[in-house]
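Asker: This is the structure I want to talk about, given as structure tokens.
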Amino acid sequence: MELWYTEKQTENHGITTKITETLYSEKTDFQQLDIINTKQFGRMLVLDGMVMTTDVDEFVYHEMISHVALNTHPNPKKVLVVGGGDGGAIREIVKHPSVEKAVLAEIDGGVIESSKKYFPQIASELSGNPRVDVQVIDGIKHIHDHKGEYDVIMVDSTEPVGPAVGLFEKGFYQGIYDALKPDGIMVAQTESPWFNRDLIKRVFKDISSIFPVTRLYTCSIPTYPSGLWSFTIGSKQHDPLEVDASKIKDLGTKYYNAEIHHAVFKLPNFVAELTRD
């Protein structure tokens with residue numbers, strides 16, 4: 001008998017993938033955590049029935065949430081990841097020599113521990129790296145308690161349900177602004193332009209009301225709803241569109257490069273309209 005996993009992405013649409021086995025299943029204090037082995041994408045981390053990452057395409061998301069902001073900031077030294085318990089964003093952050101400390105603020109320790117065991121290539125920097133500080137803590141509280149400390153803050157959250165709801169609210173973005181240094185930058189994953197148009201429009205409006213520079217960009221992630229994914233940058237000073245491509249160094253990435261840095265801000269009309277009042 002064949003085994004298939006289906007993620008119901010909307011009330012009327014889902015994706016299905018053939019699996020060989022369930023490797024791990026746990027009801028944590030915050031969510032249902034499952035790790036399955038798929039034929040097409042290797043191991044897959046699923047939280048509350050939603051695909052978070054896979055062996056095959058994880059590099060796209062983790063590179064794109066990290067390197068655009070890090071290459072926009074001229075000298076990022078202290079970086080925070082809110083969420084991101086799989087460790088992929090941290091892995092990309094420490095590729096930048098200027099970074100002296102990368103802090104992970106993940107509310108669910110179960111995600112961290114299961115990622116270390118089942119996704120060692122993603123969680124590779126969560127143990128043994130003196131530049132990395134892993135904290136099992138509410139990211140909203142951490143931001144509130146660390147005013148003016150960070151050069152870059154990344155919001156690597158799940159979809160806006162359960163413990164992640166507060167990570168899509170205007171008050172949270174104001175807290176991020178306060179936790180950043182005078183030339184700080186934030187970036188947040190902001191869902192699919194096909195399925196989450198109202199959310200993207202609201203988040204962009206909220207962030208642009210706080211940060212002088214706000215930009216939306218997209219990339220292709222096949223296991224995420226619709227395959228087209230968005231991120232929103234808020235910056236106090238530096239504009240990602242003004243980055244000198246010749247100064248972007250090759251860090252051995254698979255998706256991100258100097259050309260991609262600028263290209264991802266070229267938006268189709270139906271996406272660009274989400275950035276207008």
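Numbering starts fresh at 1 for the residues of each chain in the structure tokens, the chains themselves are lettered A, B, ... in the order given, and ligands are numbered from 1 as they appear.
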If you count only C-alpha atoms, which residues fall within 9 Å of Ser66 of chain A, apart from same-chain ones fewer than 6 positions away, as a list in words?

Answerer: Ala89, Ile90, Glu92, Ile93, Met154 and Val187 of chain A

Asker: Would you write out those residues with all heavy atoms, as a PDB file, in the first residue's frame?

Answerer:
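Done, and the output landed in out-v2.pdb:
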```
ATOM      1  N   ALA A  89      18.633  29.280   9.219  1.00  0.00           N
ATOM      2  CA  ALA A  89      19.007  30.694   9.121  1.00  0.00           C
ATOM      3  C   ALA A  89      20.310  30.957   9.866  1.00  0.00           C
ATOM      4  O   ALA A  89      21.180  31.696   9.381  1.00  0.00           O
ATOM      5  CB  ALA A  89      17.885  31.583   9.660  1.00  0.00           C
ATOM      6  N   ILE A  90      20.455  30.340  11.029  1.00  0.00           N
ATOM      7  CA  ILE A  90      21.703  30.486  11.785  1.00  0.00           C
ATOM      8  C   ILE A  90      22.885  29.976  10.974  1.00  0.00           C
ATOM      9  O   ILE A  90      23.954  30.608  10.924  1.00  0.00           O
ATOM     10  CB  ILE A  90      21.612  29.726  13.123  1.00  0.00           C
ATOM     11  CG1 ILE A  90      20.595  30.393  14.061  1.00  0.00           C
ATOM     12  CG2 ILE A  90      22.988  29.627  13.790  1.00  0.00           C
ATOM     13  CD1 ILE A  90      21.028  31.735  14.614  1.00  0.00           C
ATOM     14  N   GLU A  92      23.278  29.985   7.803  1.00  0.00           N
ATOM     15  CA  GLU A  92      23.617  30.961   6.764  1.00  0.00           C
ATOM     16  C   GLU A  92      24.236  32.223   7.363  1.00  0.00           C
ATOM     17  O   GLU A  92      25.164  32.798   6.793  1.00  0.00           O
ATOM     18  CB  GLU A  92      22.368  31.310   5.950  1.00  0.00           C
ATOM     19  CG  GLU A  92      21.763  30.148   5.200  1.00  0.00           C
ATOM     20  CD  GLU A  92      22.749  29.473   4.270  1.00  0.00           C
ATOM     21  OE1 GLU A  92      23.441  30.184   3.514  1.00  0.00           O
ATOM     22  OE2 GLU A  92      22.842  28.228   4.297  1.00  0.00           O
ATOM     23  N   ILE A  93      23.757  32.653   8.508  1.00  0.00           N
ATOM     24  CA  ILE A  93      24.251  33.880   9.143  1.00  0.00           C
ATOM     25  C   ILE A  93      25.736  33.781   9.459  1.00  0.00           C
ATOM     26  O   ILE A  93      26.505  34.714   9.206  1.00  0.00           O
ATOM     27  CB  ILE A  93      23.447  34.170  10.431  1.00  0.00           C
ATOM     28  CG1 ILE A  93      22.017  34.594  10.081  1.00  0.00           C
ATOM     29  CG2 ILE A  93      24.130  35.256  11.276  1.00  0.00           C
ATOM     30  CD1 ILE A  93      21.071  34.576  11.262  1.00  0.00           C
ATOM     31  N   MET A 154      15.819  38.701  12.093  1.00  0.00           N
ATOM     32  CA  MET A 154      15.070  37.902  11.127  1.00  0.00           C
ATOM     33  C   MET A 154      13.912  37.207  11.827  1.00  0.00           C
ATOM     34  O   MET A 154      14.109  36.573  12.866  1.00  0.00           O
ATOM     35  CB  MET A 154      15.979  36.849  10.493  1.00  0.00           C
ATOM     36  CG  MET A 154      17.194  37.438   9.804  1.00  0.00           C
ATOM     37  SD  MET A 154      18.341  36.153   9.262  1.00  0.00           S
ATOM     38  CE  MET A 154      19.703  37.182   8.692  1.00  0.00           C
ATOM     39  N   VAL A 187      13.941  41.525   8.653  1.00  0.00           N
ATOM     40  CA  VAL A 187      13.323  40.818   7.541  1.00  0.00           C
ATOM     41  C   VAL A 187      12.399  39.754   8.116  1.00  0.00           C
ATOM     42  O   VAL A 187      12.724  39.110   9.118  1.00  0.00           O
ATOM     43  CB  VAL A 187      14.381  40.193   6.597  1.00  0.00           C
ATOM     44  CG1 VAL A 187      15.291  39.222   7.343  1.00  0.00           C
ATOM     45  CG2 VAL A 187      13.714  39.501   5.412  1.00  0.00           C
TER      46      VAL A 187
END
```

Asker: Assign secondary structure with DSSP using the backbone only, and return the residues of segment 85-167 of chain A in helix (DSSP H, G or I) as a list in words.

Answerer: Gly88, Ala89, Ile90, Arg91, Glu92, Ile93, Gly109, Gly110, Val111, Ile112, Glu113, Ser114, Ser115, Lys116, Lys117, Tyr118, Gly139, Ile140, Lys141, His142, Ile143, His144, Gly162, Pro163, Ala164, Val165, Gly166 and Leu167 of chain A

Asker: Between A:Asn129, A:Asn75, A:Ser235, A:Thr10, which residue has the minimum interatomic distance to Ser208 of chain A, considering only C-alpha atoms?

Answerer: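 Smallest separation from Ser208 of chain A among the options: A:Ser235.
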
Asker: Run DSSP on the backbone and give me the residues of segment 35-242 of chain A it puts in strand (DSSP E), as a PyMOL selection string.

Answerer: chain A and resi 35-38+42-47+50-54+78-83+101-106+132-136+150-156+180-189+213-220+228-235

Asker: Residues near Asp34 of chain A, anyone? I mean within 7 Å using only C-alpha atoms, not counting same-chain ones fewer than 6 positions away, as a PDB file with N, CA, C and O atoms, in the first residue's frame.

Answerer:
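Final file, around-v7.pdb:
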```pdb
ATOM      1  N   TYR A  24       9.392  10.510  13.186  1.00  0.00           N
ATOM      2  CA  TYR A  24       9.242  11.034  14.546  1.00  0.00           C
ATOM      3  C   TYR A  24       7.923  11.783  14.642  1.00  0.00           C
ATOM      4  O   TYR A  24       7.494  12.449  13.698  1.00  0.00           O
ATOM      5  N   SER A  25       7.282  11.680  15.805  1.00  0.00           N
ATOM      6  CA  SER A  25       6.031  12.391  16.039  1.00  0.00           C
ATOM      7  C   SER A  25       5.947  12.768  17.512  1.00  0.00           C
ATOM      8  O   SER A  25       6.205  11.933  18.386  1.00  0.00           O
ATOM      9  N   GLU A  26       5.620  14.019  17.778  1.00  0.00           N
ATOM     10  CA  GLU A  26       5.565  14.498  19.159  1.00  0.00           C
ATOM     11  C   GLU A  26       4.572  15.642  19.276  1.00  0.00           C
ATOM     12  O   GLU A  26       4.499  16.518  18.410  1.00  0.00           O
ATOM     13  N   LEU A  45       9.990  18.319   7.707  1.00  0.00           N
ATOM     14  CA  LEU A  45       9.524  18.743   9.028  1.00  0.00           C
ATOM     15  C   LEU A  45       8.147  19.365   8.879  1.00  0.00           C
ATOM     16  O   LEU A  45       7.961  20.307   8.095  1.00  0.00           O
ATOM     17  N   VAL A  46       7.189  18.846   9.644  1.00  0.00           N
ATOM     18  CA  VAL A  46       5.806  19.311   9.572  1.00  0.00           C
ATOM     19  C   VAL A  46       5.361  19.760  10.960  1.00  0.00           C
ATOM     20  O   VAL A  46       5.504  19.021  11.934  1.00  0.00           O
ATOM     21  N   LEU A  47       4.851  20.982  11.065  1.00  0.00           N
ATOM     22  CA  LEU A  47       4.337  21.517  12.330  1.00  0.00           C
ATOM     23  C   LEU A  47       2.858  21.829  12.170  1.00  0.00           C
ATOM     24  O   LEU A  47       2.466  22.594  11.290  1.00  0.00           O
TER      25      LEU A  47
END
```

Asker: If we count only C-alpha atoms, what is near Lys247 of chain A at a cut-off of 12 Å, once residues fewer than 5 positions away on the same chain are taken out, given as a ChimeraX atom specification?

Answerer: /A:71-74,242,257-259,261

Asker: Go ahead and save the residues from that selection, with C-alpha atoms, as a PDB file, in the first residue's frame.

Answerer:
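For reference, selection_26.pdb as written:
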```
ATOM      1  CA  ASN A  71      24.405  41.973   2.479  1.00  0.00           C
ATOM      2  CA  THR A  72      22.320  45.129   2.740  1.00  0.00           C
ATOM      3  CA  HIS A  73      23.787  45.973   6.145  1.00  0.00           C
ATOM      4  CA  PRO A  74      27.394  47.210   5.720  1.00  0.00           C
ATOM      5  CA  GLU A 242      21.280  50.305  -3.505  1.00  0.00           C
ATOM      6  CA  ASN A 257      23.900  35.429  -5.595  1.00  0.00           C
ATOM      7  CA  ALA A 258      24.671  39.040  -6.500  1.00  0.00           C
ATOM      8  CA  GLU A 259      22.271  39.038  -9.453  1.00  0.00           C
ATOM      9  CA  HIS A 261      19.890  40.049  -4.726  1.00  0.00           C
TER      10      HIS A 261
END
```

Asker: Which of these residues is nearest to Gln237 of chain A, using only C-alpha atoms: A:Glu7, A:Glu191, A:Glu273, A:Asp151?

Answerer: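 Using only C-alpha atoms, the shortest distance to Gln237 of chain A belongs to A:Asp151.
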
Asker: Taking into account only C-alpha atoms, which residue in the set A:Leu274, A:Gly85, A:Val94, A:Ile19 is nearest to Met44 of chain A?

Answerer: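 Result for the nearest residue to Met44 of chain A: A:Ile19.
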
Asker: Quick one: everything within 12 Å of Thr253 of chain A, counting only C-alpha atoms, minus sequence neighbours fewer than 4 positions away in the same chain. Send it as a list in words.

Answerer: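 Once the nearby chain positions are removed, what remains is Glu58, Phe59, Val60, Tyr61, His62, Glu63, Met64, Ser66, His67, Arg91, Glu92, Ile93, Lys95, His96, Ile248, Lys249, Asn257, Ala258 and Ile260 of chain A.
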
Asker: Which is closer to Gln32 of chain A than all the others in A:Val51, A:Val132, A:Leu180, A:Val68, using only C-alpha atoms?

Answerer: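 Using only C-alpha atoms, the shortest distance to Gln32 of chain A belongs to A:Val51.
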
Asker: For Ile112 of chain A, which residue among A:Val155, A:Leu33, A:Leu3, A:Ile176 is the nearest when counting only C-alpha atoms?

Answerer: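 Distance minimum relative to Ile112 of chain A lands on A:Leu33.
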
Asker: Return the single residue from A:Leu216, A:Ile233, A:Lys201, A:Pro222 that is closest to Pro268 of chain A, with distances computed using only C-alpha atoms.

Answerer: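 Residue with the minimum atom-to-atom distance to Pro268 of chain A: A:Leu216.
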
Asker: May I ask for the distance between atom CA of Val82 of chain A and atom CA of Met186 of chain A, given in Å to one decimal place?

Answerer: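 Straight-line distance from atom CA of Val82 of chain A to atom CA of Met186 of chain A works out to 10.7 Å.
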
Asker: What's the 9 Å shell around Glu149 of chain A, counting only C-alpha atoms, without same-chain residues fewer than 4 positions away, as a PyMOL selection string?

Answerer: chain A and resi 78-79+178-181

Asker: Using only C-alpha atoms, which residues sit within 9 Å of Gly109 of chain A once same-chain residues fewer than 3 positions away are excluded, as a list of chain:residue names?

Answerer: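 The contact residues come out as A:Thr28, A:Gly85, A:Glu106, A:Ile112, A:Glu113, A:Ser114, A:Gln135, A:Val136, A:Ile137.
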
Asker: Mind dumping the selected residues with C-alpha atoms as a JSON list (two decimals), in the first residue's frame?

Answerer:
```json
[["chain", "number", "residue", "atom", "x", "y", "z"],
["A", 28, "THR", "CA", 5.15, 19.54, 22.14],
["A", 85, "GLY", "CA", 14.41, 26.38, 15.43],
["A", 106, "GLU", "CA", 12.93, 29.76, 19.53],
["A", 112, "ILE", "CA", 15.52, 22.51, 18.04],
["A", 113, "GLU", "CA", 16.24, 19.05, 19.41],
["A", 114, "SER", "CA", 14.43, 17.14, 16.68],
["A", 135, "GLN", "CA", 17.81, 30.33, 23.64],
["A", 136, "VAL", "CA", 14.52, 28.49, 24.19],
["A", 137, "ILE", "CA", 12.45, 31.60, 24.81]]
```
